[in-house]
Amino acid sequence: AGNFAWGSENCTKKVRVLDVVYNSTSMEMVRTKTLTKNTIVQIDAQPYKQWYLKKYGVDLSKKAKRAGGKKEEVAEEVEEKKSRHVIFKLKAREAKQKLDPAVEEQFQSGRLLASIASRPGQSGRCDGYVLEGEELTFYKKKLEKKKKA
């Protein structure tokens, strides 16, 4: 476990490290699941999903495009009652909010790719950041190559 920052949303949460997926130094470190700086790991997405739901009122575990308007209305009725002010605030935030499709895809699986920024062996802590944008696409390609080989 450790603190991982989600840079674009300016949010840091304490999450579980689920698996070591990639290390540029050697595949031995992936096999033995050694945590070192700049290792790519999979982390639990649940704390970020809960934060996103609270801030934007959008559930990331469900596909927004598939769900019809009627289903969303029914879901809102089941949830706790919100004041008119809070509803308008959430709608305003949701209008401005944009999420990288690659990151959104990872939320569907419940696991996010993240990089370790601290030196766990020295500090005894495993802190890092969630991968997004070009860095995420780069490491996804690396993982695809690894699966094919």
# chains A, B, ... in the order shown; residues from 1 in each chain; ligands from 1
>>> residues_around(residues="Trp6 (chain A)", least_positions_apart="5", cutoff="8 Å", atoms="only C-alpha atoms", output="PDB file with all heavy atoms, in the first residue's frame")
ATOM      1  N   CYS A  11      -5.535  14.731  -7.115  1.00  0.00           N
ATOM      2  CA  CYS A  11      -6.097  13.904  -6.054  1.00  0.00           C
ATOM      3  C   CYS A  11      -5.090  12.830  -5.662  1.00  0.00           C
ATOM      4  O   CYS A  11      -4.528  12.165  -6.527  1.00  0.00           O
ATOM      5  CB  CYS A  11      -7.385  13.262  -6.580  1.00  0.00           C
ATOM      6  SG  CYS A  11      -7.997  11.925  -5.589  1.00  0.00           S
ATOM      7  N   THR A  12      -4.859  12.675  -4.365  1.00  0.00           N
ATOM      8  CA  THR A  12      -3.963  11.639  -3.872  1.00  0.00           C
ATOM      9  C   THR A  12      -4.727  10.756  -2.903  1.00  0.00           C
ATOM     10  O   THR A  12      -5.408  11.242  -2.015  1.00  0.00           O
ATOM     11  CB  THR A  12      -2.745  12.259  -3.160  1.00  0.00           C
ATOM     12  OG1 THR A  12      -2.069  13.105  -4.078  1.00  0.00           O
ATOM     13  CG2 THR A  12      -1.793  11.188  -2.679  1.00  0.00           C
ATOM     14  N   TYR A 129       2.524   7.751  -8.756  1.00  0.00           N
ATOM     15  CA  TYR A 129       1.485   8.481  -9.478  1.00  0.00           C
ATOM     16  C   TYR A 129       0.821   7.587 -10.512  1.00  0.00           C
ATOM     17  O   TYR A 129       1.429   6.645 -11.014  1.00  0.00           O
ATOM     18  CB  TYR A 129       2.069   9.735 -10.145  1.00  0.00           C
ATOM     19  CG  TYR A 129       3.205   9.457 -11.098  1.00  0.00           C
ATOM     20  CD1 TYR A 129       2.960   9.272 -12.449  1.00  0.00           C
ATOM     21  CD2 TYR A 129       4.522   9.361 -10.654  1.00  0.00           C
ATOM     22  CE1 TYR A 129       3.982   9.011 -13.334  1.00  0.00           C
ATOM     23  CE2 TYR A 129       5.565   9.108 -11.529  1.00  0.00           C
ATOM     24  CZ  TYR A 129       5.288   8.925 -12.866  1.00  0.00           C
ATOM     25  OH  TYR A 129       6.308   8.654 -13.743  1.00  0.00           O
ATOM     26  N   VAL A 130      -0.443   7.899 -10.807  1.00  0.00           N
ATOM     27  CA  VAL A 130      -1.223   7.162 -11.797  1.00  0.00           C
ATOM     28  C   VAL A 130      -0.754   7.584 -13.189  1.00  0.00           C
ATOM     29  O   VAL A 130      -0.588   8.771 -13.462  1.00  0.00           O
ATOM     30  CB  VAL A 130      -2.736   7.461 -11.622  1.00  0.00           C
ATOM     31  CG1 VAL A 130      -3.550   6.798 -12.719  1.00  0.00           C
ATOM     32  CG2 VAL A 130      -3.202   7.021 -10.253  1.00  0.00           C
ATOM     33  N   LEU A 131      -0.541   6.612 -14.073  1.00  0.00           N
ATOM     34  CA  LEU A 131      -0.096   6.909 -15.437  1.00  0.00           C
ATOM     35  C   LEU A 131      -1.257   7.424 -16.276  1.00  0.00           C
ATOM     36  O   LEU A 131      -2.368   6.890 -16.214  1.00  0.00           O
ATOM     37  CB  LEU A 131       0.464   5.652 -16.093  1.00  0.00           C
ATOM     38  CG  LEU A 131       1.730   5.069 -15.491  1.00  0.00           C
ATOM     39  CD1 LEU A 131       2.123   3.809 -16.235  1.00  0.00           C
ATOM     40  CD2 LEU A 131       2.865   6.061 -15.506  1.00  0.00           C
TER      41      LEU A 131
END
>>> residues_around(residues="Lys55 (chain A)", least_positions_apart="3", cutoff="10 Å", atoms="only C-alpha atoms", output="list of chain:residue names")
A:Lys49, A:Gln50, A:Trp51, A:Tyr52, A:Val58, A:Lys89, A:Leu90, A:Arg93, A:Glu94
>>> write_last_selection(atoms="N, CA and C atoms", output="compact mmCIF listing (two decimals), in the first residue's frame")
# COMPACT_ATOMS: atom_id res chain seq x y z
N LYS A 49 -12.44 5.86 -7.67
CA LYS A 49 -13.84 5.80 -8.13
C LYS A 49 -14.76 6.49 -7.14
N GLN A 50 -14.55 6.21 -5.85
CA GLN A 50 -15.40 6.81 -4.82
C GLN A 50 -15.23 8.32 -4.79
N TRP A 51 -13.98 8.78 -4.91
CA TRP A 51 -13.70 10.22 -4.91
C TRP A 51 -14.36 10.89 -6.12
N TYR A 52 -14.25 10.24 -7.29
CA TYR A 52 -14.80 10.79 -8.54
C TYR A 52 -16.32 10.87 -8.45
N VAL A 58 -20.41 11.04 -11.04
CA VAL A 58 -20.34 10.09 -12.15
C VAL A 58 -19.72 8.80 -11.64
N LYS A 89 -24.24 22.16 -8.68
CA LYS A 89 -22.78 22.18 -8.58
C LYS A 89 -22.18 20.97 -9.28
N LEU A 90 -22.77 19.78 -9.06
CA LEU A 90 -22.30 18.56 -9.71
C LEU A 90 -22.46 18.63 -11.22
N ARG A 93 -19.71 20.88 -12.62
CA ARG A 93 -18.42 20.18 -12.62
C ARG A 93 -18.37 19.14 -13.73
N GLU A 94 -19.48 18.39 -13.88
CA GLU A 94 -19.54 17.34 -14.88
C GLU A 94 -19.39 17.89 -16.29
>>> closest_residue(among="A:Ser24, A:Tyr56, A:Thr39, A:Leu18", to="Lys91 (chain A)", atoms="only C-alpha atoms")
A:Tyr56
>>> atom_distance(atom1="CA of Ser8 (chain A)", atom2="CA of Ile116 (chain A)")
16.9 Å
>>> select_by_dssp(residues="region 12-142 of chain A", states="strand (DSSP E or B)", output="tab-separated table (two decimals) with N, CA, C and O atoms, in the first residue's frame")
chain	number	residue	atom	x	y	z
A	12	THR	N	-4.86	12.68	-4.36
A	12	THR	CA	-3.96	11.64	-3.87
A	12	THR	C	-4.73	10.76	-2.90
A	12	THR	O	-5.41	11.24	-2.01
A	13	LYS	N	-4.60	9.45	-3.10
A	13	LYS	CA	-5.30	8.49	-2.24
A	13	LYS	C	-4.35	7.38	-1.81
A	13	LYS	O	-3.41	7.04	-2.51
A	14	LYS	N	-4.62	6.84	-0.63
A	14	LYS	CA	-3.86	5.68	-0.15
A	14	LYS	C	-4.52	4.44	-0.75
A	14	LYS	O	-5.71	4.19	-0.50
A	15	VAL	N	-3.76	3.69	-1.55
A	15	VAL	CA	-4.32	2.53	-2.25
A	15	VAL	C	-3.41	1.32	-2.11
A	15	VAL	O	-2.24	1.45	-1.78
A	17	VAL	N	-1.27	-1.78	-3.61
A	17	VAL	CA	-0.54	-2.20	-4.81
A	17	VAL	C	-0.93	-3.64	-5.06
A	17	VAL	O	-0.75	-4.50	-4.19
A	18	LEU	N	-1.49	-3.93	-6.24
A	18	LEU	CA	-2.00	-5.26	-6.53
A	18	LEU	C	-0.95	-6.15	-7.20
A	18	LEU	O	-0.87	-7.34	-6.88
A	19	ASP	N	-0.18	-5.58	-8.12
A	19	ASP	CA	0.74	-6.42	-8.89
A	19	ASP	C	1.84	-5.58	-9.52
A	19	ASP	O	1.63	-4.40	-9.84
A	20	VAL	N	3.01	-6.19	-9.69
A	20	VAL	CA	4.10	-5.55	-10.44
A	20	VAL	C	3.97	-6.02	-11.88
A	20	VAL	O	3.89	-7.22	-12.14
A	21	VAL	N	3.91	-5.06	-12.83
A	21	VAL	CA	3.67	-5.44	-14.23
A	21	VAL	C	4.88	-5.23	-15.12
A	21	VAL	O	5.09	-5.99	-16.05
A	22	TYR	N	5.66	-4.18	-14.87
A	22	TYR	CA	6.76	-3.87	-15.78
A	22	TYR	C	7.90	-3.19	-15.02
A	22	TYR	O	7.65	-2.36	-14.14
A	40	ILE	N	6.48	-0.14	-12.86
A	40	ILE	CA	5.07	0.05	-13.21
A	40	ILE	C	4.27	-1.02	-12.48
A	40	ILE	O	4.55	-2.21	-12.60
A	41	VAL	N	3.29	-0.57	-11.69
A	41	VAL	CA	2.48	-1.49	-10.89
A	41	VAL	C	1.00	-1.28	-11.19
A	41	VAL	O	0.61	-0.25	-11.74
A	42	GLN	N	0.20	-2.27	-10.84
A	42	GLN	CA	-1.25	-2.13	-10.92
A	42	GLN	C	-1.75	-1.81	-9.52
A	42	GLN	O	-1.36	-2.49	-8.56
A	43	ILE	N	-2.60	-0.78	-9.42
A	43	ILE	CA	-3.15	-0.41	-8.12
A	43	ILE	C	-4.67	-0.51	-8.15
A	43	ILE	O	-5.27	-0.50	-9.23
A	44	ASP	N	-5.26	-0.60	-6.98
A	44	ASP	CA	-6.71	-0.69	-6.83
A	44	ASP	C	-7.34	0.65	-7.20
A	44	ASP	O	-6.92	1.69	-6.71
A	111	ARG	N	-8.54	-1.70	-12.07
A	111	ARG	CA	-7.10	-1.60	-11.81
A	111	ARG	C	-6.51	-0.48	-12.64
A	111	ARG	O	-6.82	-0.36	-13.82
A	112	LEU	N	-5.65	0.31	-12.01
A	112	LEU	CA	-4.97	1.41	-12.72
A	112	LEU	C	-3.48	1.12	-12.80
A	112	LEU	O	-2.91	0.55	-11.87
A	113	LEU	N	-2.87	1.53	-13.90
A	113	LEU	CA	-1.41	1.44	-13.99
A	113	LEU	C	-0.81	2.66	-13.32
A	113	LEU	O	-1.27	3.78	-13.54
A	114	ALA	N	0.22	2.44	-12.52
A	114	ALA	CA	0.86	3.54	-11.81
A	114	ALA	C	2.36	3.31	-11.78
A	114	ALA	O	2.83	2.18	-11.92
A	115	SER	N	3.10	4.39	-11.61
A	115	SER	CA	4.55	4.32	-11.52
A	115	SER	C	4.97	4.66	-10.09
A	115	SER	O	4.39	5.56	-9.47
A	116	ILE	N	5.96	3.97	-9.59
A	116	ILE	CA	6.45	4.24	-8.24
A	116	ILE	C	7.47	5.37	-8.32
A	116	ILE	O	8.43	5.29	-9.07
A	128	GLY	N	3.70	6.99	-5.42
A	128	GLY	CA	3.87	7.19	-6.85
A	128	GLY	C	2.74	7.97	-7.46
A	128	GLY	O	2.06	8.74	-6.78
A	129	TYR	N	2.52	7.75	-8.76
A	129	TYR	CA	1.49	8.48	-9.48
A	129	TYR	C	0.82	7.59	-10.51
A	129	TYR	O	1.43	6.64	-11.01
A	130	VAL	N	-0.44	7.90	-10.81
A	130	VAL	CA	-1.22	7.16	-11.80
A	130	VAL	C	-0.75	7.58	-13.19
A	130	VAL	O	-0.59	8.77	-13.46
>>> residues_around(residues="region 118-124 of chain A", least_positions_apart="4", cutoff="10 Å", atoms="only C-alpha atoms", output="MDAnalysis selection string")
chainID A and resid 2 34:38 128:129
>>> select_by_dssp(residues="region 42-146 of chain A", states="alpha helix (DSSP H)", output="PyMOL selection string")
chain A and resi 46-56+69-78+84-96+101-109+120-123+133-146
>>> atom_distance(atom1="CA of Thr137 (chain A)", atom2="CA of Ala102 (chain A)")
8.0 Å
>>> atom_distance(atom1="CA of Lys81 (chain A)", atom2="CA of Leu60 (chain A)")
20.3 Å
>>> closest_residue(among="A:Glu9, A:Ala149, A:Glu28, A:Asp59", to="Lys98 (chain A)", atoms="only C-alpha atoms")
A:Glu9
>>> decode(residues="region 80-103 of chain A", atoms="N, CA, C and O atoms", output="PDB file, in the first residue's frame")
ATOM      1  N   GLU A  80     -28.928   8.892  -2.006  1.00  0.00           N
ATOM      2  CA  GLU A  80     -29.403   9.846  -0.997  1.00  0.00           C
ATOM      3  C   GLU A  80     -29.880  11.130  -1.656  1.00  0.00           C
ATOM      4  O   GLU A  80     -29.431  11.492  -2.745  1.00  0.00           O
ATOM      5  N   LYS A  81     -30.759  11.822  -0.991  1.00  0.00           N
ATOM      6  CA  LYS A  81     -31.314  13.073  -1.518  1.00  0.00           C
ATOM      7  C   LYS A  81     -30.248  14.153  -1.482  1.00  0.00           C
ATOM      8  O   LYS A  81     -29.519  14.284  -0.502  1.00  0.00           O
ATOM      9  N   LYS A  82     -30.174  14.920  -2.564  1.00  0.00           N
ATOM     10  CA  LYS A  82     -29.219  16.017  -2.657  1.00  0.00           C
ATOM     11  C   LYS A  82     -29.986  17.323  -2.789  1.00  0.00           C
ATOM     12  O   LYS A  82     -31.027  17.369  -3.440  1.00  0.00           O
ATOM     13  N   SER A  83     -29.424  18.349  -2.205  1.00  0.00           N
ATOM     14  CA  SER A  83     -30.076  19.652  -2.311  1.00  0.00           C
ATOM     15  C   SER A  83     -29.947  20.178  -3.738  1.00  0.00           C
ATOM     16  O   SER A  83     -29.098  19.729  -4.508  1.00  0.00           O
ATOM     17  N   ARG A  84     -30.770  21.121  -4.076  1.00  0.00           N
ATOM     18  CA  ARG A  84     -30.782  21.709  -5.419  1.00  0.00           C
ATOM     19  C   ARG A  84     -29.422  22.317  -5.740  1.00  0.00           C
ATOM     20  O   ARG A  84     -28.903  22.170  -6.851  1.00  0.00           O
ATOM     21  N   HIS A  85     -28.836  22.976  -4.732  1.00  0.00           N
ATOM     22  CA  HIS A  85     -27.524  23.614  -4.907  1.00  0.00           C
ATOM     23  C   HIS A  85     -26.450  22.584  -5.260  1.00  0.00           C
ATOM     24  O   HIS A  85     -25.654  22.780  -6.173  1.00  0.00           O
ATOM     25  N   VAL A  86     -26.446  21.459  -4.543  1.00  0.00           N
ATOM     26  CA  VAL A  86     -25.454  20.403  -4.777  1.00  0.00           C
ATOM     27  C   VAL A  86     -25.643  19.798  -6.165  1.00  0.00           C
ATOM     28  O   VAL A  86     -24.667  19.550  -6.887  1.00  0.00           O
ATOM     29  N   ILE A  87     -26.875  19.584  -6.571  1.00  0.00           N
ATOM     30  CA  ILE A  87     -27.155  19.009  -7.894  1.00  0.00           C
ATOM     31  C   ILE A  87     -26.616  19.924  -8.995  1.00  0.00           C
ATOM     32  O   ILE A  87     -25.968  19.460  -9.935  1.00  0.00           O
ATOM     33  N   PHE A  88     -26.852  21.240  -8.865  1.00  0.00           N
ATOM     34  CA  PHE A  88     -26.356  22.173  -9.875  1.00  0.00           C
ATOM     35  C   PHE A  88     -24.831  22.241  -9.867  1.00  0.00           C
ATOM     36  O   PHE A  88     -24.203  22.357 -10.921  1.00  0.00           O
ATOM     37  N   LYS A  89     -24.245  22.156  -8.680  1.00  0.00           N
ATOM     38  CA  LYS A  89     -22.783  22.181  -8.579  1.00  0.00           C
ATOM     39  C   LYS A  89     -22.177  20.966  -9.279  1.00  0.00           C
ATOM     40  O   LYS A  89     -21.217  21.080 -10.043  1.00  0.00           O
ATOM     41  N   LEU A  90     -22.770  19.783  -9.064  1.00  0.00           N
ATOM     42  CA  LEU A  90     -22.299  18.559  -9.710  1.00  0.00           C
ATOM     43  C   LEU A  90     -22.461  18.626 -11.223  1.00  0.00           C
ATOM     44  O   LEU A  90     -21.578  18.193 -11.968  1.00  0.00           O
ATOM     45  N   LYS A  91     -23.589  19.203 -11.689  1.00  0.00           N
ATOM     46  CA  LYS A  91     -23.810  19.321 -13.137  1.00  0.00           C
ATOM     47  C   LYS A  91     -22.787  20.257 -13.772  1.00  0.00           C
ATOM     48  O   LYS A  91     -22.289  19.999 -14.869  1.00  0.00           O
ATOM     49  N   ALA A  92     -22.441  21.334 -13.074  1.00  0.00           N
ATOM     50  CA  ALA A  92     -21.444  22.281 -13.589  1.00  0.00           C
ATOM     51  C   ALA A  92     -20.072  21.625 -13.666  1.00  0.00           C
ATOM     52  O   ALA A  92     -19.355  21.780 -14.660  1.00  0.00           O
ATOM     53  N   ARG A  93     -19.711  20.883 -12.622  1.00  0.00           N
ATOM     54  CA  ARG A  93     -18.421  20.183 -12.625  1.00  0.00           C
ATOM     55  C   ARG A  93     -18.371  19.136 -13.726  1.00  0.00           C
ATOM     56  O   ARG A  93     -17.369  18.980 -14.406  1.00  0.00           O
ATOM     57  N   GLU A  94     -19.481  18.394 -13.878  1.00  0.00           N
ATOM     58  CA  GLU A  94     -19.544  17.336 -14.881  1.00  0.00           C
ATOM     59  C   GLU A  94     -19.389  17.895 -16.292  1.00  0.00           C
ATOM     60  O   GLU A  94     -18.787  17.269 -17.160  1.00  0.00           O
ATOM     61  N   ALA A  95     -19.926  19.106 -16.533  1.00  0.00           N
ATOM     62  CA  ALA A  95     -19.823  19.735 -17.853  1.00  0.00           C
ATOM     63  C   ALA A  95     -18.366  20.073 -18.175  1.00  0.00           C
ATOM     64  O   ALA A  95     -17.929  19.937 -19.317  1.00  0.00           O
ATOM     65  N   LYS A  96     -17.603  20.514 -17.182  1.00  0.00           N
ATOM     66  CA  LYS A  96     -16.199  20.891 -17.391  1.00  0.00           C
ATOM     67  C   LYS A  96     -15.277  19.682 -17.422  1.00  0.00           C
ATOM     68  O   LYS A  96     -14.211  19.737 -18.023  1.00  0.00           O
ATOM     69  N   GLN A  97     -15.688  18.616 -16.755  1.00  0.00           N
ATOM     70  CA  GLN A  97     -14.828  17.457 -16.561  1.00  0.00           C
ATOM     71  C   GLN A  97     -14.614  16.686 -17.854  1.00  0.00           C
ATOM     72  O   GLN A  97     -15.539  16.466 -18.618  1.00  0.00           O
ATOM     73  N   LYS A  98     -13.371  16.299 -18.106  1.00  0.00           N
ATOM     74  CA  LYS A  98     -13.075  15.415 -19.235  1.00  0.00           C
ATOM     75  C   LYS A  98     -12.049  14.392 -18.760  1.00  0.00           C
ATOM     76  O   LYS A  98     -11.072  14.721 -18.105  1.00  0.00           O
ATOM     77  N   LEU A  99     -12.304  13.131 -19.103  1.00  0.00           N
ATOM     78  CA  LEU A  99     -11.455  12.039 -18.645  1.00  0.00           C
ATOM     79  C   LEU A  99     -10.848  11.341 -19.849  1.00  0.00           C
ATOM     80  O   LEU A  99     -11.534  11.078 -20.839  1.00  0.00           O
ATOM     81  N   ASP A 100      -9.560  11.072 -19.760  1.00  0.00           N
ATOM     82  CA  ASP A 100      -8.833  10.374 -20.815  1.00  0.00           C
ATOM     83  C   ASP A 100      -9.492   9.005 -21.048  1.00  0.00           C
ATOM     84  O   ASP A 100      -9.688   8.254 -20.096  1.00  0.00           O
ATOM     85  N   PRO A 101      -9.855   8.673 -22.301  1.00  0.00           N
ATOM     86  CA  PRO A 101     -10.527   7.391 -22.564  1.00  0.00           C
ATOM     87  C   PRO A 101      -9.704   6.174 -22.107  1.00  0.00           C
ATOM     88  O   PRO A 101     -10.277   5.187 -21.655  1.00  0.00           O
ATOM     89  N   ALA A 102      -8.376   6.264 -22.208  1.00  0.00           N
ATOM     90  CA  ALA A 102      -7.520   5.147 -21.787  1.00  0.00           C
ATOM     91  C   ALA A 102      -7.606   4.930 -20.279  1.00  0.00           C
ATOM     92  O   ALA A 102      -7.640   3.793 -19.802  1.00  0.00           O
ATOM     93  N   VAL A 103      -7.674   6.026 -19.520  1.00  0.00           N
ATOM     94  CA  VAL A 103      -7.803   5.928 -18.061  1.00  0.00           C
ATOM     95  C   VAL A 103      -9.187   5.412 -17.706  1.00  0.00           C
ATOM     96  O   VAL A 103      -9.338   4.570 -16.815  1.00  0.00           O
TER      97      VAL A 103
END
